[in-house]
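The file model_26.pdb comes next; it holds PDB, C-alpha atoms and all ligand atoms.
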ATOM      1  CA  MET P  30     -16.304  11.196  -4.506
ATOM      2  CA  THR P  31     -14.233  14.295  -3.780
ATOM      3  CA  ASN P  32     -14.756  17.787  -5.124
ATOM      4  CA  LYS P  33     -11.009  18.484  -4.880
ATOM      5  CA  ILE P  34      -9.204  18.826  -8.200
ATOM      6  CA  LEU P  35      -6.539  16.148  -8.537
ATOM      7  CA  GLY P  36      -3.368  16.978 -10.454
ATOM      8  CA  PHE P  37      -0.864  14.341 -11.578
ATOM      9  CA  ILE P  38       2.712  15.194 -12.529
ATOM     10  CA  GLY P  39       3.964  12.298 -14.663
ATOM     11  CA  THR P  40       1.544   9.992 -16.493
ATOM     12  CA  GLY P  41       3.823   7.053 -17.281
ATOM     13  CA  ASN P  42       3.361   3.519 -15.931
ATOM     14  CA  MET P  43       2.295   4.501 -12.417
ATOM     15  CA  GLY P  44       0.658   7.896 -13.041
ATOM     16  CA  SER P  45      -1.654   6.337 -15.621
ATOM     17  CA  ALA P  46      -2.322   3.281 -13.403
ATOM     18  CA  ILE P  47      -3.428   5.503 -10.496
ATOM     19  CA  ILE P  48      -5.437   7.796 -12.768
ATOM     20  CA  GLY P  49      -7.278   4.756 -14.181
ATOM     21  CA  GLY P  50      -8.653   4.028 -10.695
ATOM     22  CA  VAL P  51      -9.724   7.579  -9.801
ATOM     23  CA  ILE P  52     -11.447   8.573 -13.020
ATOM     24  CA  GLY P  53     -15.124   9.010 -12.187
ATOM     25  CA  LYS P  54     -14.461   9.381  -8.446
ATOM     26  CA  THR P  55     -13.684  13.074  -8.648
ATOM     27  CA  ASP P  56     -14.987  15.868 -10.859
ATOM     28  CA  THR P  57     -11.670  16.824 -12.385
ATOM     29  CA  VAL P  58      -8.408  15.029 -13.032
ATOM     30  CA  ASN P  59      -5.659  17.199 -14.490
ATOM     31  CA  ALA P  60      -2.184  16.102 -15.498
ATOM     32  CA  TYR P  61       1.138  17.351 -16.727
ATOM     33  CA  ASP P  62       3.766  15.268 -18.504
ATOM     34  CA  ILE P  63       6.468  16.214 -20.966
ATOM     35  CA  LYS P  64       4.659  13.893 -23.393
ATOM     36  CA  LYS P  65       0.894  13.367 -23.391
ATOM     37  CA  ASN P  66      -0.688   9.920 -23.217
ATOM     38  CA  GLU P  67      -3.597  10.287 -25.651
ATOM     39  CA  ASN P  68      -5.349   7.221 -24.172
ATOM     40  CA  LEU P  69      -5.850   8.857 -20.777
ATOM     41  CA  ALA P  70      -9.115  10.705 -20.079
ATOM     42  CA  VAL P  71      -7.438  13.603 -18.256
ATOM     43  CA  ASN P  72      -7.103  17.325 -18.913
ATOM     44  CA  TYR P  73      -3.457  17.861 -19.783
ATOM     45  CA  LYS P  74      -2.034  21.228 -18.753
ATOM     46  CA  GLU P  75       0.802  22.962 -20.550
ATOM     47  CA  SER P  76       3.070  23.530 -17.539
ATOM     48  CA  ILE P  77       3.575  22.432 -13.949
ATOM     49  CA  ALA P  78       2.357  25.848 -12.750
ATOM     50  CA  ASP P  79      -0.860  25.490 -14.821
ATOM     51  CA  LEU P  80      -1.347  22.077 -13.225
ATOM     52  CA  VAL P  81      -0.594  23.039  -9.626
ATOM     53  CA  ASN P  82      -2.515  26.352  -9.480
ATOM     54  CA  PRO P  83      -6.087  24.943  -9.721
ATOM     55  CA  SER P  84      -5.330  21.610  -7.983
ATOM     56  CA  GLY P  85      -6.157  20.724  -4.377
ATOM     57  CA  VAL P  86      -4.081  17.547  -4.467
ATOM     58  CA  ILE P  87      -0.852  17.050  -6.411
ATOM     59  CA  VAL P  88       0.366  13.499  -7.038
ATOM     60  CA  LEU P  89       4.064  13.331  -7.928
ATOM     61  CA  CYS P  90       4.572  10.391 -10.316
ATOM     62  CA  VAL P  91       7.900  11.151 -12.000
ATOM     63  CA  LYS P  92      11.140   9.190 -11.673
ATOM     64  CA  PRO P  93      13.249  10.041  -8.608
ATOM     65  CA  ASN P  94      15.911  11.778 -10.734
ATOM     66  CA  MET P  95      13.307  14.310 -11.960
ATOM     67  CA  PHE P  96      12.224  15.454  -8.493
ATOM     68  CA  GLU P  97      14.678  18.324  -8.178
ATOM     69  CA  THR P  98      13.548  19.847 -11.496
ATOM     70  CA  VAL P  99       9.856  19.218 -10.881
ATOM     71  CA  LEU P 100       9.833  20.591  -7.311
ATOM     72  CA  ALA P 101      11.677  23.718  -8.466
ATOM     73  CA  GLU P 102       8.846  24.285 -10.975
ATOM     74  CA  VAL P 103       6.177  23.563  -8.332
ATOM     75  CA  LYS P 104       7.688  26.398  -6.270
ATOM     76  CA  ASN P 105       6.782  28.840  -9.049
ATOM     77  CA  ALA P 106       3.082  28.044  -8.540
ATOM     78  CA  ASP P 107       0.472  28.513  -5.836
ATOM     79  CA  TYR P 108       1.359  25.363  -3.893
ATOM     80  CA  LYS P 109       1.493  26.109  -0.191
ATOM     81  CA  ASP P 110      -1.873  24.836   1.137
ATOM     82  CA  LYS P 111      -2.143  21.875  -1.215
ATOM     83  CA  LEU P 112      -1.879  18.193  -0.337
ATOM     84  CA  PHE P 113       1.154  16.522  -1.948
ATOM     85  CA  ILE P 114       1.378  12.776  -2.540
ATOM     86  CA  SER P 115       4.706  11.323  -3.677
ATOM     87  CA  ILE P 116       5.082   7.765  -4.972
ATOM     88  CA  ALA P 117       8.809   7.822  -5.752
ATOM     89  CA  ALA P 118      11.282   5.273  -4.425
ATOM     90  CA  GLY P 119      14.182   6.837  -2.554
ATOM     91  CA  ILE P 120      12.669  10.326  -2.244
ATOM     92  CA  THR P 121      12.059  11.000   1.430
ATOM     93  CA  LYS P 122       9.479  13.298   2.950
ATOM     94  CA  ASP P 123      12.379  15.283   4.434
ATOM     95  CA  TYR P 124      13.796  15.842   0.922
ATOM     96  CA  ILE P 125      10.468  17.160  -0.371
ATOM     97  CA  LYS P 126       9.989  19.399   2.674
ATOM     98  CA  GLU P 127      13.517  20.724   2.262
ATOM     99  CA  LYS P 128      12.492  21.865  -1.238
ATOM    100  CA  LEU P 129       8.874  22.958  -0.606
ATOM    101  CA  GLY P 130       8.795  23.810   3.093
ATOM    102  CA  ASP P 131       6.230  22.366   5.479
ATOM    103  CA  VAL P 132       3.540  21.298   2.986
ATOM    104  CA  LYS P 133       0.925  18.627   3.731
ATOM    105  CA  LEU P 134       2.601  15.476   2.502
ATOM    106  CA  VAL P 135       1.892  11.778   2.158
ATOM    107  CA  ARG P 136       4.463   9.341   0.845
ATOM    108  CA  VAL P 137       3.007   6.283  -0.819
ATOM    109  CA  MET P 138       4.572   3.170  -2.313
ATOM    110  CA  PRO P 139       1.994   1.739  -4.707
ATOM    111  CA  ASN P 140       2.570  -0.993  -7.273
ATOM    112  CA  LEU P 141       1.903  -1.649 -10.934
ATOM    113  CA  PRO P 142      -1.083  -4.025 -10.454
ATOM    114  CA  LEU P 143      -3.088  -0.919  -9.503
ATOM    115  CA  CYS P 144      -3.754  -0.722 -13.215
ATOM    116  CA  VAL P 145      -5.973  -3.834 -12.963
ATOM    117  CA  GLY P 146      -7.585  -2.906  -9.641
ATOM    118  CA  GLU P 147      -5.382  -5.261  -7.591
ATOM    119  CA  GLY P 148      -2.738  -2.855  -6.331
ATOM    120  CA  MET P 149      -1.058  -2.868  -2.928
ATOM    121  CA  SER P 150      -0.123   0.541  -1.604
ATOM    122  CA  VAL P 151       1.832   1.410   1.522
ATOM    123  CA  VAL P 152       0.779   4.837   2.763
ATOM    124  CA  CYS P 153       2.953   6.991   5.059
ATOM    125  CA  PRO P 154       1.024  10.123   6.057
ATOM    126  CA  ASP P 155       2.318  13.112   8.000
ATOM    127  CA  ASP P 156       1.397  13.099  11.694
ATOM    128  CA  GLY P 157      -1.737  15.175  12.143
ATOM    129  CA  LEU P 158      -2.814  15.030   8.511
ATOM    130  CA  PRO P 159      -6.449  16.259   8.425
ATOM    131  CA  ASP P 160      -9.027  13.458   8.116
ATOM    132  CA  SER P 161     -10.412  15.074   4.959
ATOM    133  CA  ASP P 162      -6.993  14.699   3.276
ATOM    134  CA  MET P 163      -6.666  11.102   4.470
ATOM    135  CA  GLU P 164     -10.075  10.396   2.916
ATOM    136  CA  ILE P 165      -8.731  11.576  -0.452
ATOM    137  CA  VAL P 166      -5.645   9.371  -0.099
ATOM    138  CA  LYS P 167      -7.940   6.398   0.622
ATOM    139  CA  LEU P 168     -10.166   7.297  -2.312
ATOM    140  CA  ILE P 169      -7.164   7.315  -4.638
ATOM    141  CA  PHE P 170      -5.419   4.152  -3.466
ATOM    142  CA  GLU P 171      -8.367   2.011  -2.383
ATOM    143  CA  SER P 172     -10.058   2.568  -5.760
ATOM    144  CA  SER P 173      -7.479   0.283  -7.315
ATOM    145  CA  GLY P 174      -6.600  -2.225  -4.641
ATOM    146  CA  LYS P 175      -5.654  -2.497  -0.996
ATOM    147  CA  MET P 176      -3.680  -0.065   1.137
ATOM    148  CA  CYS P 177      -2.057  -0.156   4.549
ATOM    149  CA  ILE P 178      -0.723   2.679   6.681
ATOM    150  CA  MET P 179       2.870   2.505   7.942
ATOM    151  CA  SER P 180       5.498   4.828   9.299
ATOM    152  CA  GLU P 181       7.983   6.080   6.683
ATOM    153  CA  ASP P 182      10.660   4.203   8.697
ATOM    154  CA  TYR P 183       9.394   0.997   7.065
ATOM    155  CA  ILE P 184       8.954   2.188   3.506
ATOM    156  CA  ASN P 185      12.348   0.977   2.210
ATOM    157  CA  LYS P 186      11.498  -2.493   3.492
ATOM    158  CA  ALA P 187       8.002  -2.442   2.016
ATOM    159  CA  ILE P 188       9.171  -1.254  -1.430
ATOM    160  CA  ALA P 189      11.180  -4.463  -1.829
ATOM    161  CA  VAL P 190       7.990  -6.504  -1.648
ATOM    162  CA  ASN P 191       4.966  -4.515  -2.783
ATOM    163  CA  GLY P 192       6.679  -1.982  -5.059
ATOM    164  CA  SER P 193       9.308  -4.123  -6.750
ATOM    165  CA  GLY P 194       7.777  -7.547  -6.037
ATOM    166  CA  PRO P 195       5.617  -7.659  -9.172
ATOM    167  CA  ALA P 196       8.846  -7.904 -11.207
ATOM    168  CA  TYR P 197       9.933 -11.033  -9.298
ATOM    169  CA  VAL P 198       6.456 -12.528  -9.664
ATOM    170  CA  PHE P 199       6.497 -11.902 -13.421
ATOM    171  CA  MET P 200       9.891 -13.647 -13.557
ATOM    172  CA  PHE P 201       8.474 -16.614 -11.628
ATOM    173  CA  ILE P 202       5.517 -16.823 -14.013
ATOM    174  CA  GLU P 203       7.843 -16.587 -17.003
ATOM    175  CA  ALA P 204      10.085 -19.336 -15.618
ATOM    176  CA  MET P 205       7.157 -21.709 -15.009
ATOM    177  CA  ALA P 206       5.801 -20.969 -18.499
ATOM    178  CA  ASP P 207       9.226 -21.519 -20.122
ATOM    179  CA  ALA P 208       9.404 -24.914 -18.425
ATOM    180  CA  LEU P 209       6.015 -25.806 -19.920
ATOM    181  CA  VAL P 210       7.186 -24.681 -23.360
ATOM    182  CA  LYS P 211      10.244 -26.923 -22.965
ATOM    183  CA  ASN P 212       7.822 -29.812 -22.474
ATOM    184  CA  GLY P 213       5.919 -28.914 -25.667
ATOM    185  CA  VAL P 214       3.014 -26.791 -24.376
ATOM    186  CA  ASP P 215       2.263 -23.738 -26.553
ATOM    187  CA  ARG P 216       3.227 -20.277 -25.250
ATOM    188  CA  LYS P 217      -0.304 -18.927 -24.849
ATOM    189  CA  ASN P 218      -1.518 -21.814 -22.713
ATOM    190  CA  SER P 219       1.776 -21.832 -20.805
ATOM    191  CA  TYR P 220       1.368 -18.194 -19.737
ATOM    192  CA  THR P 221      -2.296 -18.700 -18.825
ATOM    193  CA  LEU P 222      -1.508 -21.776 -16.713
ATOM    194  CA  ALA P 223       1.361 -20.069 -14.910
ATOM    195  CA  ALA P 224      -0.331 -16.686 -14.320
ATOM    196  CA  GLN P 225      -3.704 -18.114 -13.241
ATOM    197  CA  THR P 226      -1.894 -20.454 -10.833
ATOM    198  CA  VAL P 227      -0.178 -17.476  -9.161
ATOM    199  CA  LEU P 228      -3.434 -15.479  -9.077
ATOM    200  CA  GLY P 229      -5.436 -18.381  -7.611
ATOM    201  CA  SER P 230      -2.805 -19.228  -5.010
ATOM    202  CA  ALA P 231      -2.552 -15.609  -3.835
ATOM    203  CA  LYS P 232      -6.342 -15.289  -3.724
ATOM    204  CA  MET P 233      -6.665 -18.516  -1.741
ATOM    205  CA  MET P 234      -4.146 -17.367   0.842
ATOM    206  CA  LEU P 235      -5.832 -13.968   1.263
ATOM    207  CA  GLU P 236      -9.333 -15.447   1.448
ATOM    208  CA  THR P 237      -8.598 -18.382   3.777
ATOM    209  CA  GLY P 238      -6.075 -16.552   5.965
ATOM    210  CA  LEU P 239      -4.177 -19.842   6.213
ATOM    211  CA  HIS P 240      -0.409 -19.976   6.711
ATOM    212  CA  PRO P 241       1.431 -20.492   3.386
ATOM    213  CA  GLY P 242       3.129 -23.599   4.829
ATOM    214  CA  ILE P 243      -0.253 -25.206   5.506
ATOM    215  CA  LEU P 244      -1.421 -24.389   1.969
ATOM    216  CA  LYS P 245       1.805 -25.834   0.537
ATOM    217  CA  ASP P 246       1.283 -28.996   2.557
ATOM    218  CA  MET P 247      -2.242 -29.305   1.118
ATOM    219  CA  VAL P 248      -0.690 -29.536  -2.363
ATOM    220  CA  CYS P 249       2.072 -31.998  -1.438
ATOM    221  CA  SER P 250       0.603 -35.517  -1.565
ATOM    222  CA  PRO P 251       2.712 -38.186   0.188
ATOM    223  CA  ALA P 252       5.056 -39.690  -2.409
ATOM    224  CA  GLY P 253       3.325 -37.448  -4.971
ATOM    225  CA  THR P 254       4.664 -35.071  -7.624
ATOM    226  CA  THR P 255       4.817 -31.770  -5.737
ATOM    227  CA  ILE P 256       7.114 -32.853  -2.917
ATOM    228  CA  ASP P 257       9.810 -33.725  -5.478
ATOM    229  CA  ALA P 258       9.591 -30.181  -6.851
ATOM    230  CA  VAL P 259       9.616 -28.686  -3.340
ATOM    231  CA  ILE P 260      12.765 -30.638  -2.425
ATOM    232  CA  ASP P 261      14.432 -29.451  -5.628
ATOM    233  CA  LEU P 262      13.465 -25.828  -4.904
ATOM    234  CA  GLU P 263      14.996 -26.125  -1.428
ATOM    235  CA  LYS P 264      18.165 -27.714  -2.859
ATOM    236  CA  THR P 265      18.615 -24.855  -5.324
ATOM    237  CA  GLY P 266      18.013 -22.221  -2.650
ATOM    238  CA  PHE P 267      14.695 -20.861  -3.941
ATOM    239  CA  ARG P 268      13.569 -19.284  -0.673
ATOM    240  CA  HIS P 269      17.036 -17.947   0.076
ATOM    241  CA  ALA P 270      17.196 -16.464  -3.426
ATOM    242  CA  VAL P 271      13.921 -14.605  -2.840
ATOM    243  CA  MET P 272      14.931 -13.353   0.628
ATOM    244  CA  SER P 273      18.316 -12.240  -0.659
ATOM    245  CA  ALA P 274      16.734 -10.373  -3.585
ATOM    246  CA  VAL P 275      14.319  -8.592  -1.241
ATOM    247  CA  GLN P 276      17.270  -7.570   0.956
ATOM    248  CA  LYS P 277      19.235  -6.257  -2.068
ATOM    249  CA  CYS P 278      16.227  -4.191  -3.094
ATOM    250  CA  THR P 279      15.807  -2.798   0.439
ATOM    251  CA  ASP P 280      19.505  -1.885   0.574
ATOM    252  CA  LYS P 281      19.191  -0.037  -2.747
ATOM    253  CA  SER P 282      16.154   1.894  -1.466
ATOM    254  CA  VAL P 283      18.088   2.911   1.645
ATOM    255  CA  GLU P 284      21.050   3.997  -0.506
ATOM    256  CA  MET P 285      18.795   6.044  -2.816
ATOM    257  CA  SER P 286      17.181   7.746   0.190
ATOM    258  CA  LYS P 287      20.554   9.121   1.363
ATOM    259  CA  LYS P 288      20.936  11.419  -1.647
TER
HETATM  260  N1  LIG M 301       7.026   1.337 -12.138
HETATM  261  C1  LIG M 301       6.643   0.830 -10.959
HETATM  262  O1  LIG M 301       6.272  -0.376 -10.848
HETATM  263  C2  LIG M 301       6.623   1.687  -9.739
HETATM  264  C3  LIG M 301       7.162   2.961  -9.745
HETATM  265  N2  LIG M 301       7.112   3.749  -8.619
HETATM  266  C4  LIG M 301       7.617   5.116  -8.652
HETATM  267  O2  LIG M 301       6.781   5.826  -9.545
HETATM  268  C5  LIG M 301       7.508   6.861 -10.188
HETATM  269  C6  LIG M 301       7.213   6.821 -11.676
HETATM  270  O3  LIG M 301       7.626   5.563 -12.203
HETATM  271  P1  LIG M 301       7.045   5.064 -13.602
HETATM  272  O4  LIG M 301       5.612   5.464 -13.735
HETATM  273  O5  LIG M 301       7.425   3.648 -13.725
HETATM  274  O6  LIG M 301       7.938   5.961 -14.591
HETATM  275  P2  LIG M 301       7.612   6.372 -16.085
HETATM  276  O7  LIG M 301       8.912   6.741 -16.711
HETATM  277  O8  LIG M 301       6.756   5.332 -16.743
HETATM  278  O9  LIG M 301       6.705   7.698 -15.900
HETATM  279  C7  LIG M 301       7.217   8.949 -15.583
HETATM  280  C8  LIG M 301       6.627   9.941 -16.578
HETATM  281  O10 LIG M 301       7.078  11.234 -16.230
HETATM  282  C9  LIG M 301       7.501  11.890 -17.416
HETATM  283  N3  LIG M 301       8.410  12.971 -17.085
HETATM  284  C10 LIG M 301       9.784  12.992 -17.138
HETATM  285  N4  LIG M 301      10.215  14.211 -16.769
HETATM  286  C11 LIG M 301       9.124  14.959 -16.451
HETATM  287  C12 LIG M 301       8.934  16.288 -16.028
HETATM  288  N5  LIG M 301       9.970  17.119 -15.831
HETATM  289  N6  LIG M 301       7.673  16.723 -15.816
HETATM  290  C13 LIG M 301       6.615  15.898 -16.015
HETATM  291  N7  LIG M 301       6.725  14.632 -16.451
HETATM  292  C14 LIG M 301       7.973  14.167 -16.663
HETATM  293  C15 LIG M 301       8.127  10.789 -18.217
HETATM  294  O11 LIG M 301       8.300  11.154 -19.576
HETATM  295  P3  LIG M 301       9.562  10.435 -20.388
HETATM  296  O12 LIG M 301       9.194   8.993 -20.480
HETATM  297  O13 LIG M 301       9.550  11.135 -21.702
HETATM  298  O14 LIG M 301      10.776  10.678 -19.562
HETATM  299  C16 LIG M 301       7.083   9.684 -18.019
HETATM  300  O15 LIG M 301       5.988   9.815 -18.893
HETATM  301  C17 LIG M 301       8.984   6.641  -9.834
HETATM  302  O16 LIG M 301       9.376   7.639  -8.935
HETATM  303  C18 LIG M 301       9.035   5.257  -9.198
HETATM  304  O17 LIG M 301       9.986   5.193  -8.154
HETATM  305  C19 LIG M 301       6.502   3.319  -7.472
HETATM  306  C20 LIG M 301       5.967   2.072  -7.415
HETATM  307  C21 LIG M 301       6.002   1.139  -8.521
HETATM  308  O1  LIG M 302      12.374   0.069  -9.590
HETATM  309  C1  LIG M 302      11.985   1.104  -9.066
HETATM  310  O2  LIG M 302      12.803   1.944  -8.676
HETATM  311  C2  LIG M 302      10.519   1.358  -8.865
HETATM  312  C3  LIG M 302      10.148   1.478  -7.415
HETATM  313  C4  LIG M 302       9.291   0.310  -7.100
HETATM  314  C5  LIG M 302       9.084  -0.319  -8.372
HETATM  315  N1  LIG M 302       9.737   0.266  -9.323
END
How does this structure look as structure tokens?
Amino acid sequence: MTNKILGFIGTGNMGSAIIGGVIGKTDTVNAYDIKKNENLAVNYKESIADLVNPSGVIVLCVKPNMFETVLAEVKNADYKDKLFISIAAGITKDYIKEKLGDVKLVRVMPNLPLCVGEGMSVVCPDDGLPDSDMEIVKLIFESSGKMCIMSEDYINKAIAVNGSGPAYVFMFIEAMADALVKNGVDRKNSYTLAAQTVLGSAKMMLETGLHPGILKDMVCSPAGTTIDAVIDLEKTGFRHAVMSAVQKCTDKSVEMSKK
């Protein structure tokens, strides 16, 4: 529990996912968005200045292309001693400090599964950030999943797995389900089979701590069904396709960070 007032700018996919985890863990959650999400139990303010002035912590959850506009409005408020948390891809801490000066700043790359309490957030704090501020960051991002602390130097690499990765996983689930549908299984059961299989496999790896190769080998019976699928996946370049996609995503993050 923190007695700091949290203020969210942007309550779309990610703003609302993060808010969902912190509701009840702090006295007040305020928000500003150009359109209100009536399903969120937050106090919407009418302007960015109205949001920033009473807040102790400001979480920036707008798209990267809105940062210039939003930070210009933040500058019209009482913002100097506040803690800022930015979750945007491609917006560096240097960029924010260029606009706001030397504010207390933490860059975070969270992911969409925060909205079901199974998020993975990469947290890049400023050197020397007070422990009390770090406690708030932990409160926010550990309420809806796991977090790890890294230097900002690694954030473009991390984004390509924890930030963007859910999209690839959803595609994998969809592909497995489509294959079931081709073989006559109904859609609903196909999605449940595919999604629960991904969930269970991920949970097993995290809970056992075993190497993924060992777990894969446990599924591949000699002359059984799985090894035929594994050989086909290797032939069609499955693992290369994933590694190449992750690299493309990293390259895009680096490119976005140059602007
Ligand atoms: N989606 C994801 O999986 C992840 C996204 N991120 C980062 O999170 C950030 C937000 O992404 P996401 O939640 O998906 O985006 P959304 O578009 O869902 O949410 C952004 C919200 O901000 C609103 N908005 C636009 N302009 C302003 C403004 N000037 N002031 C206040 N609110 C405004 C948007 O309204 P409107 O829709 O009307 O424009 C929208 O409601 C991005 O920077 C992204 O890089 C990080 C990790 C994962
Ligand atoms: O696609 C994007 O730019 C954002 C960042 C990570 C996930 N979605």
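Contact shell of Ala46 (chain P) at 9 Å (only C-alpha atoms; same-chain neighbours under 2 positions omitted): Thr40, Gly41, Asn42, Met43, Gly44, Ile48, Gly49, Gly50, Asn140, Leu141, Pro142, Leu143, Cys144, Val145, Gly146 and Ser173 of chain P.
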What residues come out when you apply the PyMOL selection byres (((not hetatm)) within 7 of (chain M and resi 301)) to this file, written as a PDB file with C-alpha atoms, keeping the file's coordinate frame?
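Output below, filename part-v1.pdb:
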ATOM      1  CA  ILE P  38       2.712  15.194 -12.529  1.00  0.00           C
ATOM      2  CA  GLY P  39       3.964  12.298 -14.663  1.00  0.00           C
ATOM      3  CA  THR P  40       1.544   9.992 -16.493  1.00  0.00           C
ATOM      4  CA  GLY P  41       3.823   7.053 -17.281  1.00  0.00           C
ATOM      5  CA  ASN P  42       3.361   3.519 -15.931  1.00  0.00           C
ATOM      6  CA  MET P  43       2.295   4.501 -12.417  1.00  0.00           C
ATOM      7  CA  GLY P  44       0.658   7.896 -13.041  1.00  0.00           C
ATOM      8  CA  TYR P  61       1.138  17.351 -16.727  1.00  0.00           C
ATOM      9  CA  ASP P  62       3.766  15.268 -18.504  1.00  0.00           C
ATOM     10  CA  ILE P  63       6.468  16.214 -20.966  1.00  0.00           C
ATOM     11  CA  LYS P  64       4.659  13.893 -23.393  1.00  0.00           C
ATOM     12  CA  CYS P  90       4.572  10.391 -10.316  1.00  0.00           C
ATOM     13  CA  VAL P  91       7.900  11.151 -12.000  1.00  0.00           C
ATOM     14  CA  LYS P  92      11.140   9.190 -11.673  1.00  0.00           C
ATOM     15  CA  PRO P  93      13.249  10.041  -8.608  1.00  0.00           C
ATOM     16  CA  MET P  95      13.307  14.310 -11.960  1.00  0.00           C
ATOM     17  CA  THR P  98      13.548  19.847 -11.496  1.00  0.00           C
ATOM     18  CA  VAL P  99       9.856  19.218 -10.881  1.00  0.00           C
ATOM     19  CA  ILE P 116       5.082   7.765  -4.972  1.00  0.00           C
ATOM     20  CA  ALA P 117       8.809   7.822  -5.752  1.00  0.00           C
ATOM     21  CA  ALA P 118      11.282   5.273  -4.425  1.00  0.00           C
ATOM     22  CA  MET P 138       4.572   3.170  -2.313  1.00  0.00           C
ATOM     23  CA  PRO P 139       1.994   1.739  -4.707  1.00  0.00           C
ATOM     24  CA  ASN P 140       2.570  -0.993  -7.273  1.00  0.00           C
ATOM     25  CA  LEU P 141       1.903  -1.649 -10.934  1.00  0.00           C
ATOM     26  CA  GLY P 192       6.679  -1.982  -5.059  1.00  0.00           C
ATOM     27  CA  SER P 193       9.308  -4.123  -6.750  1.00  0.00           C
TER      28      SER P 193
END
> Written as a VMD selection string, what is the full residue list that the PyMOL selection byres (((chain P and resi 106) around 12) and not hetatm) yields on the file shown?
Replying inline: chain P and resid 76 to 84 87 99 to 105 107 to 111 129
Next on the checklist: Just checking: using only C-alpha atoms, which residue out of P:Phe201, P:Phe113, P:Tyr183, P:Phe96 ends up closest to Met163 (chain P)?
Outcome noted: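 Ranked by minimum distance to Met163 (chain P), first place goes to P:Phe113.
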Point-to-point distance from CA of Leu69 (chain P) to CA of Leu89 (chain P), Å rounded to tenths: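 Interatomic distance, CA of Leu69 (chain P) to CA of Leu89 (chain P): 16.8 Å.
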TODO: One decimal, Å: what's the distance from CA of Lys122 (chain P) over to atom C2 of ligand LIG 302 (chain M), could you say?
DONE: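 CA of Lys122 (chain P) sits 16.8 Å away from atom C2 of ligand LIG 302 (chain M).
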Judged by all atoms listed in the file, the minimum distance to ligand LIG 302 (chain M) among P:Lys65, P:Lys264, P:Lys277, P:Lys133 is found for P:Lys277
Min atom-atom distance to ligand LIG 302 (chain M) from the set P:Ile188, P:Val214, P:Val137, P:Met205, counting all atoms listed in the file, belongs to P:Ile188
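CA of Ile52 (chain P) is positioned 29.3 Å from CA of Thr221 (chain P).
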Once the PyMOL selection byres (((chain P and resi 35) around 8) and not hetatm) is applied to the coordinates I shared, what remains selected? I want it as a JSON list (two decimals) with C-alpha atoms, in the coordinates of the input.
[["chain", "number", "residue", "atom", "x", "y", "z"],
["P", 33, "LYS", "CA", -11.01, 18.48, -4.88],
["P", 34, "ILE", "CA", -9.20, 18.83, -8.20],
["P", 36, "GLY", "CA", -3.37, 16.98, -10.45],
["P", 37, "PHE", "CA", -0.86, 14.34, -11.58],
["P", 55, "THR", "CA", -13.68, 13.07, -8.65],
["P", 57, "THR", "CA", -11.67, 16.82, -12.38],
["P", 58, "VAL", "CA", -8.41, 15.03, -13.03],
["P", 59, "ASN", "CA", -5.66, 17.20, -14.49],
["P", 84, "SER", "CA", -5.33, 21.61, -7.98],
["P", 85, "GLY", "CA", -6.16, 20.72, -4.38],
["P", 86, "VAL", "CA", -4.08, 17.55, -4.47],
["P", 87, "ILE", "CA", -0.85, 17.05, -6.41],
["P", 88, "VAL", "CA", 0.37, 13.50, -7.04]]
